[in-house]
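> If it helps, the file is called target_20.pdb and holds PDB, C-alpha atoms:
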```pdb
ATOM      1  CA  MET A   1      77.555  53.901  67.591
ATOM      2  CA  THR A   2      78.294  56.336  70.432
ATOM      3  CA  ILE A   3      81.741  56.731  71.928
ATOM      4  CA  GLN A   4      81.706  57.893  75.508
ATOM      5  CA  HIS A   5      84.642  59.596  77.112
ATOM      6  CA  HIS A   6      84.793  59.332  80.884
ATOM      7  CA  GLU A   7      86.806  62.178  82.355
ATOM      8  CA  THR A   8      88.868  61.567  85.432
ATOM      9  CA  ALA A   9      90.651  63.937  87.779
ATOM     10  CA  LYS A  10      93.880  62.838  86.088
ATOM     11  CA  ASP A  11      92.617  64.361  82.799
ATOM     12  CA  HIS A  12      92.524  67.801  84.424
ATOM     13  CA  ASP A  13      95.740  67.770  86.468
ATOM     14  CA  GLY A  14      97.537  70.237  84.178
ATOM     15  CA  GLU A  15      94.691  72.761  83.979
ATOM     16  CA  PHE A  16      95.148  76.167  85.574
ATOM     17  CA  ALA A  17      91.784  76.096  87.361
ATOM     18  CA  VAL A  18      92.714  72.858  89.136
ATOM     19  CA  PHE A  19      96.128  74.294  90.034
ATOM     20  CA  LEU A  20      94.526  77.457  91.456
ATOM     21  CA  ILE A  21      92.030  75.508  93.559
ATOM     22  CA  GLN A  22      94.778  73.239  94.955
ATOM     23  CA  HIS A  23      97.423  75.938  95.552
ATOM     24  CA  SER A  24      98.022  76.645  99.273
ATOM     25  CA  ARG A  25      95.259  74.251 100.310
ATOM     26  CA  GLY A  26      92.696  76.322  98.370
ATOM     27  CA  GLU A  27      93.479  79.585 100.167
ATOM     28  CA  ALA A  28      94.637  81.363  96.991
ATOM     29  CA  HIS A  29      91.407  80.416  95.187
ATOM     30  CA  GLU A  30      89.271  81.598  98.117
ATOM     31  CA  GLN A  31      91.125  84.913  98.364
ATOM     32  CA  ILE A  32      90.934  85.605  94.626
ATOM     33  CA  SER A  33      87.246  84.629  94.554
ATOM     34  CA  ASP A  34      86.516  87.034  97.431
ATOM     35  CA  GLU A  35      88.436  89.819  95.677
ATOM     36  CA  PHE A  36      86.526  89.129  92.459
ATOM     37  CA  HIS A  37      83.166  89.439  94.239
ATOM     38  CA  GLN A  38      84.293  92.668  95.938
ATOM     39  CA  LEU A  39      85.319  94.029  92.536
ATOM     40  CA  LEU A  40      81.951  93.129  90.999
ATOM     41  CA  ALA A  41      80.104  94.858  93.845
ATOM     42  CA  ALA A  42      82.273  98.004  93.596
ATOM     43  CA  VAL A  43      81.767  98.263  89.822
ATOM     44  CA  GLN A  44      78.004  97.890  90.232
ATOM     45  CA  GLU A  45      77.900 100.451  93.052
ATOM     46  CA  HIS A  46      80.057 103.138  91.414
ATOM     47  CA  GLY A  47      79.379 102.496  87.725
ATOM     48  CA  ARG A  48      83.047 102.626  86.760
ATOM     49  CA  LYS A  49      85.492  99.940  85.657
ATOM     50  CA  GLY A  50      87.932  98.063  87.837
ATOM     51  CA  SER A  51      90.355  95.165  87.453
ATOM     52  CA  LEU A  52      91.670  92.069  89.177
ATOM     53  CA  THR A  53      95.204  91.017  88.231
ATOM     54  CA  ILE A  54      96.467  87.552  89.100
ATOM     55  CA  LYS A  55     100.228  87.043  88.959
ATOM     56  CA  VAL A  56     101.799  83.606  89.046
ATOM     57  CA  SER A  57     105.540  83.548  89.703
ATOM     58  CA  VAL A  58     107.667  80.463  89.111
ATOM     59  CA  GLU A  59     111.210  80.248  90.465
ATOM     60  CA  PRO A  60     113.740  77.497  89.812
ATOM     61  CA  PRO A  61     115.779  76.086  92.670
ATOM     62  CA  LYS A  62     119.208  77.495  93.408
ATOM     63  CA  GLY A  63     121.839  75.892  91.223
ATOM     64  CA  HIS A  64     119.250  74.763  88.625
ATOM     65  CA  VAL A  65     119.119  71.074  89.485
ATOM     66  CA  ASP A  66     117.226  68.985  86.888
ATOM     67  CA  GLY A  67     114.051  67.488  88.279
ATOM     68  CA  ALA A  68     114.099  69.670  91.405
ATOM     69  CA  PRO A  69     110.771  71.172  92.488
ATOM     70  CA  LEU A  70     109.887  74.718  91.423
ATOM     71  CA  LEU A  71     108.733  77.420  93.797
ATOM     72  CA  VAL A  72     105.330  78.704  92.609
ATOM     73  CA  GLY A  73     103.641  81.749  94.116
ATOM     74  CA  ILE A  74     100.347  83.512  93.404
ATOM     75  CA  ASP A  75      99.693  87.179  94.029
ATOM     76  CA  SER A  76      96.584  89.194  93.207
ATOM     77  CA  GLU A  77      95.825  92.894  93.017
ATOM     78  CA  VAL A  78      92.378  94.507  92.938
ATOM     79  CA  LYS A  79      91.827  97.961  91.497
ATOM     80  CA  ALA A  80      88.218  98.642  92.426
ATOM     81  CA  PRO A  81      86.467 101.923  91.780
ATOM     82  CA  LYS A  82      85.852 104.071  94.855
ATOM     83  CA  ALA A  83      83.349 106.746  95.685
ATOM     84  CA  ILE A  84      84.425 110.157  94.486
ATOM     85  CA  ALA A  85      83.418 113.268  96.380
ATOM     86  CA  PRO A  86      82.029 115.822  93.946
ATOM     87  CA  PRO A  87      84.249 118.871  93.467
ATOM     88  CA  SER A  88      83.290 122.212  95.008
ATOM     89  CA  MET A  89      84.120 125.708  93.838
ATOM     90  CA  TYR A  90      86.251 127.994  95.967
ATOM     91  CA  PHE A  91      87.754 131.425  95.572
ATOM     92  CA  VAL A  92      91.176 132.270  96.945
ATOM     93  CA  ASP A  93      91.411 135.305  99.215
ATOM     94  CA  ASP A  94      94.349 137.740  99.500
ATOM     95  CA  ASP A  95      95.978 135.507 102.134
ATOM     96  CA  GLY A  96      95.854 132.450  99.843
ATOM     97  CA  ARG A  97      93.060 130.673 101.740
ATOM     98  CA  PRO A  98      90.069 129.021 100.060
ATOM     99  CA  THR A  99      86.727 130.768 100.595
ATOM    100  CA  ARG A 100      83.191 130.214  99.309
ATOM    101  CA  ASN A 101      82.638 133.953  98.821
ATOM    102  CA  ASP A 102      84.236 135.994  96.058
ATOM    103  CA  PRO A 103      86.685 138.259  97.933
ATOM    104  CA  ARG A 104      86.389 140.881  95.167
ATOM    105  CA  GLN A 105      82.673 141.310  95.746
ATOM    106  CA  MET A 106      80.764 142.813  98.673
ATOM    107  CA  GLN A 107      78.386 140.639 100.667
ATOM    108  CA  ALA A 108      74.807 140.905  99.355
ATOM    109  CA  PHE A 109      73.309 140.060 102.743
ATOM    110  CA  ASP A 110      74.660 140.614 106.218
ATOM    111  CA  VAL A 111      74.496 137.277 108.028
ATOM    112  CA  ARG A 112      73.786 137.519 111.739
ATOM    113  CA  ASP A 113      72.646 135.226 114.503
ATOM    114  CA  ILE A 114      69.717 136.444 116.592
ATOM    115  CA  ASN A 115      69.302 135.002 120.065
ATOM    116  CA  THR A 116      65.575 134.313 120.363
ATOM    117  CA  THR A 117      65.462 134.651 124.158
ATOM    118  CA  THR A 118      67.413 137.905 124.594
ATOM    119  CA  GLY A 119      67.004 139.425 121.134
ATOM    120  CA  GLU A 120      70.758 140.054 121.041
ATOM    121  CA  ILE A 121      72.253 140.213 117.510
ATOM    122  CA  LYS A 122      75.687 138.681 116.911
ATOM    123  CA  ASP A 123      77.764 138.947 113.760
ATOM    124  CA  ILE A 124      78.743 135.563 112.370
TER
END
```
Would you put the structure from the file into structure tokens?


Amino acid sequence: MTIQHHETAKDHDGEFAVFLIQHSRGEAHEQISDEFHQLLAAVQEHGRKGSLTIKVSVEPPKGHVDGAPLLVGIDSEVKAPKAIAPPSMYFVDDDGRPTRNDPRQMQAFDVRDINTTTGEIKDI
């Protein structure tokens, strides 16, 4: 003997997934789904972790009237990994400015620009 259970929409009314899909005419679900897909793509691209936080706030009515409707809000926050520029090494000269060349060492090569039409040499 097999007992079959036929689920109805009424069986799922109290579930969070149904609430999320119905909240704000489905806009909250769409926004959070989009943010989730953006997070997945960013984690795949950058190889670092990220997070999606969903916050549901529930506020009673003023004066706490029994049976009065509650104000329910949904907020989400994505912390997706971003591209990181690799660090570069710099020296600091006597004036406190960053420079690629060690200010304590003489230049090994004199860098000049030679104009190919006139043959004029300019210091760079």

> Any chance you could tabulate, as JSON lines, the residues of segment 50-113 of chain A at most 9 Å from segment 17-32 of chain A with each one's nearest atom pair and distance in Å to one decimal, using all atoms listed in the file, in chain and rising number order?


```
{"residue": "A:Leu52", "atom": "CA", "partner": "A:Ile32", "partner_atom": "CA", "distance": 8.5}
{"residue": "A:Ile54", "atom": "CA", "partner": "A:Ile32", "partner_atom": "CA", "distance": 8.1}
{"residue": "A:Val72", "atom": "CA", "partner": "A:His23", "partner_atom": "CA", "distance": 8.9}
{"residue": "A:Gly73", "atom": "CA", "partner": "A:His23", "partner_atom": "CA", "distance": 8.6}
{"residue": "A:Ile74", "atom": "CA", "partner": "A:Ala28", "partner_atom": "CA", "distance": 7.1}
{"residue": "A:Asp75", "atom": "CA", "partner": "A:Ala28", "partner_atom": "CA", "distance": 8.3}
{"residue": "A:Ser76", "atom": "CA", "partner": "A:Ile32", "partner_atom": "CA", "distance": 6.8}
{"residue": "A:Glu77", "atom": "CA", "partner": "A:Ile32", "partner_atom": "CA", "distance": 8.9}
```

> Limited to C-alpha atoms, could you put the picked residues into a file as a short mmCIF file (atom, residue, chain, number, x, y, z; two decimals), in the coordinates of the input?


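Okay, this is what ended up in out28.cif:
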```cif
data_model
loop_
_atom_site.label_atom_id
_atom_site.label_comp_id
_atom_site.auth_asym_id
_atom_site.auth_seq_id
_atom_site.Cartn_x
_atom_site.Cartn_y
_atom_site.Cartn_z
CA LEU A 52 91.67 92.07 89.18
CA ILE A 54 96.47 87.55 89.10
CA VAL A 72 105.33 78.70 92.61
CA GLY A 73 103.64 81.75 94.12
CA ILE A 74 100.35 83.51 93.40
CA ASP A 75 99.69 87.18 94.03
CA SER A 76 96.58 89.19 93.21
CA GLU A 77 95.82 92.89 93.02
#
```

> Thr99 of chain A: which residues within 6 Å, counting all atoms listed in the file, same-chain residues fewer than 3 positions away excluded, as a list in words?

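Near neighbours after the sequence-gap exclusion: Tyr90, Phe91 and Val92 of chain A.
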
> I need the output of the PyMOL selection byres ((chain A and resi 49) around 10) for this file as a PyMOL selection string; which residues are they?

chain A and resi 39-40+42-44+46-48+50-51+79-81

> Please indicate the distance in Å from atom CA of Phe16 of chain A to atom CA of Ser57 of chain A, rounded to one decimal place.

13.4 Å

> If I take atom CA of Asp66 of chain A and atom CA of Glu15 of chain A, how far is one from the other in Å, to one decimal?

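Separation between atom CA of Asp66 of chain A and atom CA of Glu15 of chain A: 23.0 Å.
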
> Using atom CA of Arg100 of chain A and atom CA of Ala85 of chain A as the two end points, give the distance in Å to one decimal.

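Value for the atom CA of Arg100 of chain A-atom CA of Ala85 of chain A distance: 17.2 Å.
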
> Missing atoms in segment 90-107 of chain A: can you complete it with N, CA, C and O atoms, as a compact mmCIF listing (two decimals), in the frame of the given file?


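Result written to out30.txt:
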```
# COMPACT_ATOMS: atom_id res chain seq x y z
N TYR A 90 85.73 127.09 94.94
CA TYR A 90 86.25 127.99 95.97
C TYR A 90 86.94 129.16 95.28
O TYR A 90 87.49 129.03 94.19
N PHE A 91 86.93 130.29 95.96
CA PHE A 91 87.75 131.43 95.57
C PHE A 91 88.96 131.41 96.48
O PHE A 91 88.97 130.76 97.52
N VAL A 92 89.99 132.14 96.11
CA VAL A 92 91.18 132.27 96.94
C VAL A 92 91.28 133.72 97.38
O VAL A 92 91.28 134.63 96.55
N ASP A 93 91.34 133.93 98.72
CA ASP A 93 91.41 135.30 99.22
C ASP A 93 92.84 135.84 99.13
O ASP A 93 93.75 135.15 98.67
N ASP A 94 93.04 137.08 99.58
CA ASP A 94 94.35 137.74 99.50
C ASP A 94 95.43 137.02 100.31
O ASP A 94 96.62 137.16 100.04
N ASP A 95 95.02 136.24 101.31
CA ASP A 95 95.98 135.51 102.13
C ASP A 95 96.24 134.09 101.60
O ASP A 95 96.95 133.31 102.23
N GLY A 96 95.64 133.75 100.45
CA GLY A 96 95.85 132.45 99.84
C GLY A 96 95.00 131.34 100.41
O GLY A 96 95.26 130.17 100.17
N ARG A 97 93.94 131.69 101.15
CA ARG A 97 93.06 130.67 101.74
C ARG A 97 91.82 130.47 100.88
O ARG A 97 91.32 131.43 100.28
N PRO A 98 91.30 129.25 100.82
CA PRO A 98 90.07 129.02 100.06
C PRO A 98 88.86 129.62 100.79
O PRO A 98 88.78 129.56 102.01
N THR A 99 87.95 130.20 100.02
CA THR A 99 86.73 130.77 100.60
C THR A 99 85.58 130.56 99.62
O THR A 99 85.77 130.55 98.40
N ARG A 100 84.37 130.40 100.15
CA ARG A 100 83.19 130.21 99.31
C ARG A 100 82.74 131.53 98.68
O ARG A 100 82.07 131.53 97.66
N ASN A 101 83.08 132.64 99.30
CA ASN A 101 82.64 133.95 98.82
C ASN A 101 83.73 134.62 97.99
O ASN A 101 84.90 134.56 98.34
N ASP A 102 83.31 135.28 96.92
CA ASP A 102 84.24 135.99 96.06
C ASP A 102 84.81 137.17 96.84
O ASP A 102 84.07 138.09 97.21
N PRO A 103 86.10 137.18 97.12
CA PRO A 103 86.68 138.26 97.93
C PRO A 103 86.68 139.61 97.21
O PRO A 103 86.83 140.65 97.85
N ARG A 104 86.43 139.62 95.92
CA ARG A 104 86.39 140.88 95.17
C ARG A 104 85.00 141.51 95.18
O ARG A 104 84.81 142.59 94.67
N GLN A 105 84.05 140.83 95.78
CA GLN A 105 82.67 141.31 95.75
C GLN A 105 82.16 141.51 97.17
O GLN A 105 82.45 140.73 98.06
N MET A 106 81.35 142.55 97.36
CA MET A 106 80.76 142.81 98.67
C MET A 106 79.69 141.78 98.97
O MET A 106 79.07 141.25 98.05
N GLN A 107 79.44 141.56 100.25
CA GLN A 107 78.39 140.64 100.67
C GLN A 107 77.03 141.23 100.29
O GLN A 107 76.75 142.40 100.55
```
